[in-house]
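Containing mmCIF, C-alpha atoms: model.cif.
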data_model
#
loop_
_atom_site.label_atom_id
_atom_site.label_comp_id
_atom_site.auth_asym_id
_atom_site.auth_seq_id
_atom_site.Cartn_x
_atom_site.Cartn_y
_atom_site.Cartn_z
CA ALA A 1 0.00 0.00 0.00
CA GLN A 2 1.14 3.54 -0.62
CA SER A 3 0.12 6.93 0.69
CA VAL A 4 1.39 10.48 0.71
CA THR A 5 0.85 13.33 3.16
CA GLN A 6 1.53 16.95 2.40
CA LEU A 7 1.99 18.50 5.78
CA ASP A 8 0.88 22.03 4.92
CA SER A 9 -2.19 23.03 2.96
CA HIS A 10 -0.85 26.59 2.54
CA VAL A 11 2.65 28.06 2.68
CA SER A 12 3.21 31.79 2.54
CA VAL A 13 6.63 33.34 1.78
CA SER A 14 8.05 36.65 0.70
CA GLU A 15 9.68 37.03 -2.69
CA GLY A 16 13.38 36.24 -2.45
CA THR A 17 13.10 34.03 0.64
CA PRO A 18 13.48 30.23 0.71
CA VAL A 19 10.65 27.84 -0.01
CA LEU A 20 10.02 24.56 1.83
CA LEU A 21 7.05 22.34 0.96
CA ARG A 22 6.88 19.21 3.05
CA CYS A 23 5.88 15.73 1.94
CA ASN A 24 5.93 12.41 3.77
CA TYR A 25 5.15 9.12 2.10
CA SER A 26 4.39 5.54 2.96
CA SER A 27 5.34 2.69 0.66
CA SER A 28 5.68 -1.07 0.81
CA TYR A 29 8.18 -1.07 -2.03
CA SER A 30 10.94 1.11 -3.39
CA PRO A 31 8.95 4.19 -4.36
CA SER A 32 9.13 6.60 -7.22
CA LEU A 33 8.34 10.11 -6.03
CA PHE A 34 7.24 13.16 -7.97
CA TRP A 35 6.42 16.81 -7.48
CA TYR A 36 3.94 18.43 -9.84
CA VAL A 37 2.97 22.09 -10.07
CA GLN A 38 -0.40 23.49 -11.09
CA HIS A 39 -0.72 27.16 -11.94
CA PRO A 40 -4.19 28.71 -11.79
CA ASN A 41 -6.56 27.33 -14.41
CA LYS A 42 -3.87 25.07 -15.85
CA GLY A 43 -3.11 21.37 -15.91
CA LEU A 44 -0.43 19.77 -13.76
CA GLN A 45 3.19 19.88 -14.89
CA LEU A 46 6.10 17.79 -13.66
CA LEU A 47 8.64 19.66 -11.54
CA LEU A 48 10.94 16.76 -10.72
CA LYS A 49 11.00 13.05 -10.00
CA TYR A 50 13.00 10.52 -7.98
CA THR A 51 13.35 6.98 -9.30
CA SER A 52 16.09 5.37 -7.15
CA ALA A 53 19.05 7.24 -8.61
CA ALA A 54 20.60 10.24 -6.82
CA THR A 55 18.74 11.15 -3.64
CA LEU A 56 18.99 14.88 -4.35
CA VAL A 57 16.88 15.62 -7.39
CA LYS A 58 16.98 18.88 -9.30
CA GLY A 59 13.98 20.07 -11.23
CA ILE A 60 12.83 22.97 -13.29
CA ASN A 61 12.78 26.61 -12.19
CA GLY A 62 15.38 26.12 -9.46
CA PHE A 63 13.41 23.60 -7.39
CA GLU A 64 14.98 20.55 -5.84
CA ALA A 65 13.93 17.74 -3.52
CA GLU A 66 15.80 15.26 -1.36
CA PHE A 67 14.70 11.67 -0.87
CA LYS A 68 15.26 10.63 2.75
CA LYS A 69 14.36 6.99 3.24
CA SER A 70 14.97 7.03 7.00
CA GLU A 71 12.51 9.87 7.41
CA THR A 72 10.16 8.76 4.59
CA SER A 73 10.23 12.31 3.32
CA PHE A 74 10.57 14.04 -0.02
CA HIS A 75 10.47 17.76 0.76
CA LEU A 76 10.57 20.34 -2.02
CA THR A 77 12.83 23.38 -1.68
CA LYS A 78 13.90 26.46 -3.56
CA PRO A 79 16.51 28.96 -2.32
CA SER A 80 14.69 32.08 -3.43
CA ALA A 81 11.00 32.40 -4.22
CA HIS A 82 9.75 34.28 -7.24
CA MET A 83 6.29 35.70 -7.75
CA SER A 84 5.76 33.27 -10.61
CA ASP A 85 6.17 30.33 -8.19
CA ALA A 86 2.74 31.03 -6.71
CA ALA A 87 0.80 27.86 -7.52
CA GLU A 88 -0.50 24.57 -6.15
CA TYR A 89 2.11 21.84 -5.61
CA PHE A 90 1.38 18.12 -5.48
CA CYS A 91 3.57 15.39 -4.05
CA VAL A 92 3.03 11.99 -5.68
CA VAL A 93 4.15 8.46 -4.77
CA SER A 94 4.14 5.37 -6.95
CA ASP A 95 5.59 2.23 -5.44
CA GLY A 96 5.04 -0.28 -8.21
CA GLY A 97 3.15 -2.56 -5.88
CA GLY A 98 1.11 -4.26 -8.53
CA SER A 99 -0.47 -1.48 -10.49
CA TYR A 100 2.20 1.24 -10.50
CA ILE A 101 -0.59 3.77 -10.22
CA PRO A 102 0.45 6.98 -8.52
CA THR A 103 -1.17 8.42 -5.42
CA PHE A 104 -1.47 12.20 -5.23
CA GLY A 105 -1.25 14.30 -2.10
CA ARG A 106 -3.93 16.89 -1.32
CA GLY A 107 -1.71 19.70 -2.50
CA THR A 108 0.04 22.70 -0.95
CA SER A 109 -0.84 26.19 -2.05
CA LEU A 110 2.26 28.40 -2.26
CA ILE A 111 1.59 32.10 -1.78
CA VAL A 112 4.36 34.54 -2.61
CA HIS A 113 4.21 38.09 -1.27
CA PRO A 114 6.03 40.97 -2.94
CA ASP B 1 3.73 16.99 -30.15
CA ALA B 2 0.84 19.18 -29.07
CA GLY B 3 0.54 17.52 -25.70
CA VAL B 4 -2.63 16.06 -24.26
CA ILE B 5 -5.67 17.69 -25.79
CA GLN B 6 -9.00 17.97 -24.03
CA SER B 7 -12.31 19.31 -25.24
CA PRO B 8 -14.33 21.21 -24.46
CA ARG B 9 -12.38 23.48 -22.10
CA HIS B 10 -15.57 24.66 -20.45
CA GLU B 11 -18.97 23.04 -20.30
CA VAL B 12 -22.10 24.42 -18.68
CA THR B 13 -25.14 22.18 -18.67
CA GLU B 14 -28.34 21.62 -16.80
CA MET B 15 -29.02 18.83 -14.38
CA GLY B 16 -30.18 15.69 -16.11
CA GLN B 17 -28.35 16.35 -19.36
CA GLU B 18 -25.71 14.06 -20.83
CA VAL B 19 -22.15 15.36 -20.82
CA THR B 20 -19.27 13.99 -22.89
CA LEU B 21 -15.69 14.98 -22.26
CA ARG B 22 -13.01 14.15 -24.79
CA CYS B 23 -9.30 13.48 -24.62
CA LYS B 24 -6.53 12.90 -27.12
CA PRO B 25 -3.40 11.51 -25.43
CA ILE B 26 0.17 12.01 -26.56
CA SER B 27 1.02 9.67 -29.41
CA GLY B 28 2.86 6.57 -28.26
CA HIS B 29 1.72 6.73 -24.66
CA ASP B 30 0.30 3.45 -23.43
CA TYR B 31 -1.51 4.72 -20.33
CA LEU B 32 -4.41 7.12 -20.10
CA PHE B 33 -5.89 8.47 -16.87
CA TRP B 34 -9.04 10.42 -16.06
CA TYR B 35 -9.02 12.58 -12.92
CA ARG B 36 -11.54 14.83 -11.22
CA GLN B 37 -10.48 17.83 -9.14
CA THR B 38 -12.66 19.63 -6.60
CA MET B 39 -11.91 21.87 -3.67
CA MET B 40 -13.48 19.41 -1.27
CA ARG B 41 -11.93 16.16 -2.45
CA GLY B 42 -8.76 17.28 -4.23
CA LEU B 43 -7.52 15.27 -7.21
CA GLU B 44 -9.26 11.90 -7.61
CA LEU B 45 -8.34 9.16 -10.06
CA LEU B 46 -11.52 8.00 -11.79
CA ILE B 47 -10.28 5.37 -14.23
CA TYR B 48 -7.21 4.43 -16.20
CA PHE B 49 -6.53 2.54 -19.39
CA ASN B 50 -3.55 0.53 -20.57
CA ASN B 51 -3.33 0.00 -24.32
CA ASN B 52 -6.98 1.07 -24.67
CA VAL B 53 -8.21 -1.45 -22.09
CA PRO B 54 -9.80 -0.20 -18.86
CA ILE B 55 -7.74 -1.53 -15.98
CA ASP B 56 -9.20 0.03 -12.86
CA ASP B 57 -12.46 1.97 -12.69
CA SER B 58 -12.86 1.76 -8.92
CA GLY B 59 -12.70 5.54 -8.71
CA MET B 60 -15.73 6.08 -10.89
CA PRO B 61 -18.25 7.52 -8.46
CA GLU B 62 -21.46 6.05 -9.83
CA ASP B 63 -22.99 4.18 -12.71
CA ARG B 64 -23.81 7.55 -14.20
CA PHE B 65 -20.15 7.79 -15.17
CA SER B 66 -18.68 5.77 -18.02
CA ALA B 67 -15.43 5.96 -19.97
CA LYS B 68 -14.27 4.48 -23.25
CA MET B 69 -11.11 4.35 -25.27
CA PRO B 70 -12.00 3.07 -28.74
CA ASN B 71 -8.47 3.57 -30.04
CA ALA B 72 -5.04 4.72 -28.94
CA SER B 73 -5.69 8.35 -29.82
CA PHE B 74 -9.08 9.04 -28.29
CA SER B 75 -10.97 8.63 -25.04
CA THR B 76 -14.29 9.87 -23.70
CA LEU B 77 -15.73 10.32 -20.23
CA LYS B 78 -19.51 10.45 -20.19
CA ILE B 79 -21.87 11.49 -17.42
CA GLN B 80 -25.52 10.60 -17.87
CA PRO B 81 -27.54 12.06 -16.26
CA SER B 82 -25.45 14.89 -14.87
CA GLU B 83 -26.00 16.33 -11.39
CA PRO B 84 -24.82 19.58 -9.75
CA ARG B 85 -22.38 17.62 -7.55
CA ASP B 86 -20.54 16.55 -10.71
CA SER B 87 -19.33 20.11 -11.13
CA ALA B 88 -15.53 19.94 -11.13
CA VAL B 89 -12.48 20.17 -13.33
CA TYR B 90 -11.83 16.94 -15.19
CA PHE B 91 -8.28 16.16 -16.30
CA CYS B 92 -6.99 13.64 -18.73
CA ALA B 93 -3.36 12.53 -18.48
CA SER B 94 -1.21 10.12 -20.44
CA SER B 95 1.97 8.29 -19.56
CA PRO B 96 4.55 6.52 -21.74
CA GLN B 97 4.67 3.12 -20.08
CA THR B 98 3.91 2.52 -16.44
CA GLY B 99 2.64 4.67 -13.64
CA ILE B 100 6.17 5.37 -12.52
CA ASP B 101 6.64 7.37 -15.67
CA THR B 102 5.83 11.05 -15.78
CA GLN B 103 2.18 11.81 -16.39
CA TYR B 104 1.41 14.50 -18.93
CA PHE B 105 -1.76 16.37 -18.12
CA GLY B 106 -4.18 18.10 -20.40
CA PRO B 107 -5.50 21.59 -19.60
CA GLY B 108 -8.70 20.18 -18.13
CA THR B 109 -12.41 20.62 -18.73
CA ARG B 110 -14.28 22.79 -16.27
CA LEU B 111 -17.77 21.33 -15.91
CA THR B 112 -20.61 23.26 -14.33
CA VAL B 113 -23.92 21.51 -13.84
CA LEU B 114 -26.76 23.88 -12.97
#

Any chance you could put this one into structure tokens?
Amino acid sequence: AQSVTQLDSHVSVSEGTPVLLRCNYSSSYSPSLFWYVQHPNKGLQLLLKYTSAATLVKGINGFEAEFKKSETSFHLTKPSAHMSDAAEYFCVVSDGGGSYIPTFGRGTSLIVHP
Amino acid sequence: DAGVIQSPRHEVTEMGQEVTLRCKPISGHDYLFWYRQTMMRGLELLIYFNNNVPIDDSGMPEDRFSAKMPNASFSTLKIQPSEPRDSAVYFCASSPQTGIDTQYFGPGTRLTVL
């Protein structure tokens, strides 16, 4: 069985400050983990993914995430927020346990203040 | 490639009417997913296909919902009869091979049932 928990429904930061979006997962197998971003009135777009290679994964637009097996976490970070980062972010786990079908978190809304 | 194409982008209908949503996946992708997104329930997987065959429709809320994939380049999601609680954004996504691959989302169809 697999599950994912996004620990914050909303995160508010000022432009130029660091971003941290938290995600914990549960998996019975070696998971693949993803972060997707959804801008207002748009479809979801892949930010980055982890598939058992390097534990620190770099994505688009300066985002990165670190897979920590001991903590079952896959937190998303960015050193300096930009106004254009304001969006909904989804953490996703897929553990290949039979169906390989991903499970989406409830999402974290990132608000960026000028 | 133009990406995943969905039509219509917006649909407003009256309760009791039949609604058909359409999706054209990315060429060469073997998996197709239908999702529903609401504020209350987040992103829900309704059904997915592998090589045009429905694999898991356990997320389909009621018998009023049905989905087909007559060929590799076209899928429909039908609601008959529609109800106000079906109002949501419906996304189609396709994936190259398995669920551990990146999913490519369409722009969504915003359905409003009056």

Using the chain letters and numbers from the file, give me the residues hit by the PyMOL selection byres ((chain B) within 9 of (chain A)), as an mmCIF file with C-alpha atoms, in the frame of the given file.
data_model
loop_
_atom_site.group_PDB
_atom_site.id
_atom_site.type_symbol
_atom_site.label_atom_id
_atom_site.label_comp_id
_atom_site.auth_asym_id
_atom_site.auth_seq_id
_atom_site.Cartn_x
_atom_site.Cartn_y
_atom_site.Cartn_z
ATOM 1 C CA ARG B 41 -11.930 16.160 -2.450
ATOM 2 C CA GLY B 42 -8.760 17.280 -4.230
ATOM 3 C CA LEU B 43 -7.520 15.270 -7.210
ATOM 4 C CA GLU B 44 -9.260 11.900 -7.610
ATOM 5 C CA LEU B 45 -8.340 9.160 -10.060
ATOM 6 C CA TYR B 48 -7.210 4.430 -16.200
ATOM 7 C CA PHE B 91 -8.280 16.160 -16.300
ATOM 8 C CA THR B 98 3.910 2.520 -16.440
ATOM 9 C CA GLY B 99 2.640 4.670 -13.640
ATOM 10 C CA ILE B 100 6.170 5.370 -12.520
ATOM 11 C CA ASP B 101 6.640 7.370 -15.670
ATOM 12 C CA THR B 102 5.830 11.050 -15.780
ATOM 13 C CA GLN B 103 2.180 11.810 -16.390
ATOM 14 C CA TYR B 104 1.410 14.500 -18.930
ATOM 15 C CA PHE B 105 -1.760 16.370 -18.120
ATOM 16 C CA GLY B 106 -4.180 18.100 -20.400
ATOM 17 C CA PRO B 107 -5.500 21.590 -19.600
ATOM 18 C CA GLY B 108 -8.700 20.180 -18.130
#

Selection dump of the PyMOL selection byres ((chain A and resi 10-22) around 8), as an MDAnalysis selection string: chainID A and resid 6:9 23:24 73:83 108:114

Residue with smallest distance to B:Ser73 - pool B:Asn52, B:Leu46, B:Val12, B:Val113, counting only C-alpha atoms: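 Closest to B:Ser73 of all the choices is B:Asn52.
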
Distance criterion (only C-alpha atoms): nearest to B:Thr112 out of B:Arg85, B:Lys78, B:His29, B:Arg64: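 The shortest atom-to-atom distance to B:Thr112 comes from B:Arg85.
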
Taking the file as I've supplied it (selection: the PyMOL selection byres ((chain B and resi 70) around 12)), which residues are included? Please answer as an mmCIF file with C-alpha atoms, in the coordinates of the input.
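Final output, saved to expr34.cif:
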data_model
loop_
_atom_site.group_PDB
_atom_site.id
_atom_site.type_symbol
_atom_site.label_atom_id
_atom_site.label_comp_id
_atom_site.auth_asym_id
_atom_site.auth_seq_id
_atom_site.Cartn_x
_atom_site.Cartn_y
_atom_site.Cartn_z
ATOM 1 C CA ARG B 22 -13.010 14.150 -24.790
ATOM 2 C CA CYS B 23 -9.300 13.480 -24.620
ATOM 3 C CA LYS B 24 -6.530 12.900 -27.120
ATOM 4 C CA PHE B 49 -6.530 2.540 -19.390
ATOM 5 C CA ASN B 51 -3.330 0.000 -24.320
ATOM 6 C CA ASN B 52 -6.980 1.070 -24.670
ATOM 7 C CA VAL B 53 -8.210 -1.450 -22.090
ATOM 8 C CA PRO B 54 -9.800 -0.200 -18.860
ATOM 9 C CA ALA B 67 -15.430 5.960 -19.970
ATOM 10 C CA LYS B 68 -14.270 4.480 -23.250
ATOM 11 C CA MET B 69 -11.110 4.350 -25.270
ATOM 12 C CA ASN B 71 -8.470 3.570 -30.040
ATOM 13 C CA ALA B 72 -5.040 4.720 -28.940
ATOM 14 C CA SER B 73 -5.690 8.350 -29.820
ATOM 15 C CA PHE B 74 -9.080 9.040 -28.290
ATOM 16 C CA SER B 75 -10.970 8.630 -25.040
ATOM 17 C CA THR B 76 -14.290 9.870 -23.700
ATOM 18 C CA LEU B 77 -15.730 10.320 -20.230
#
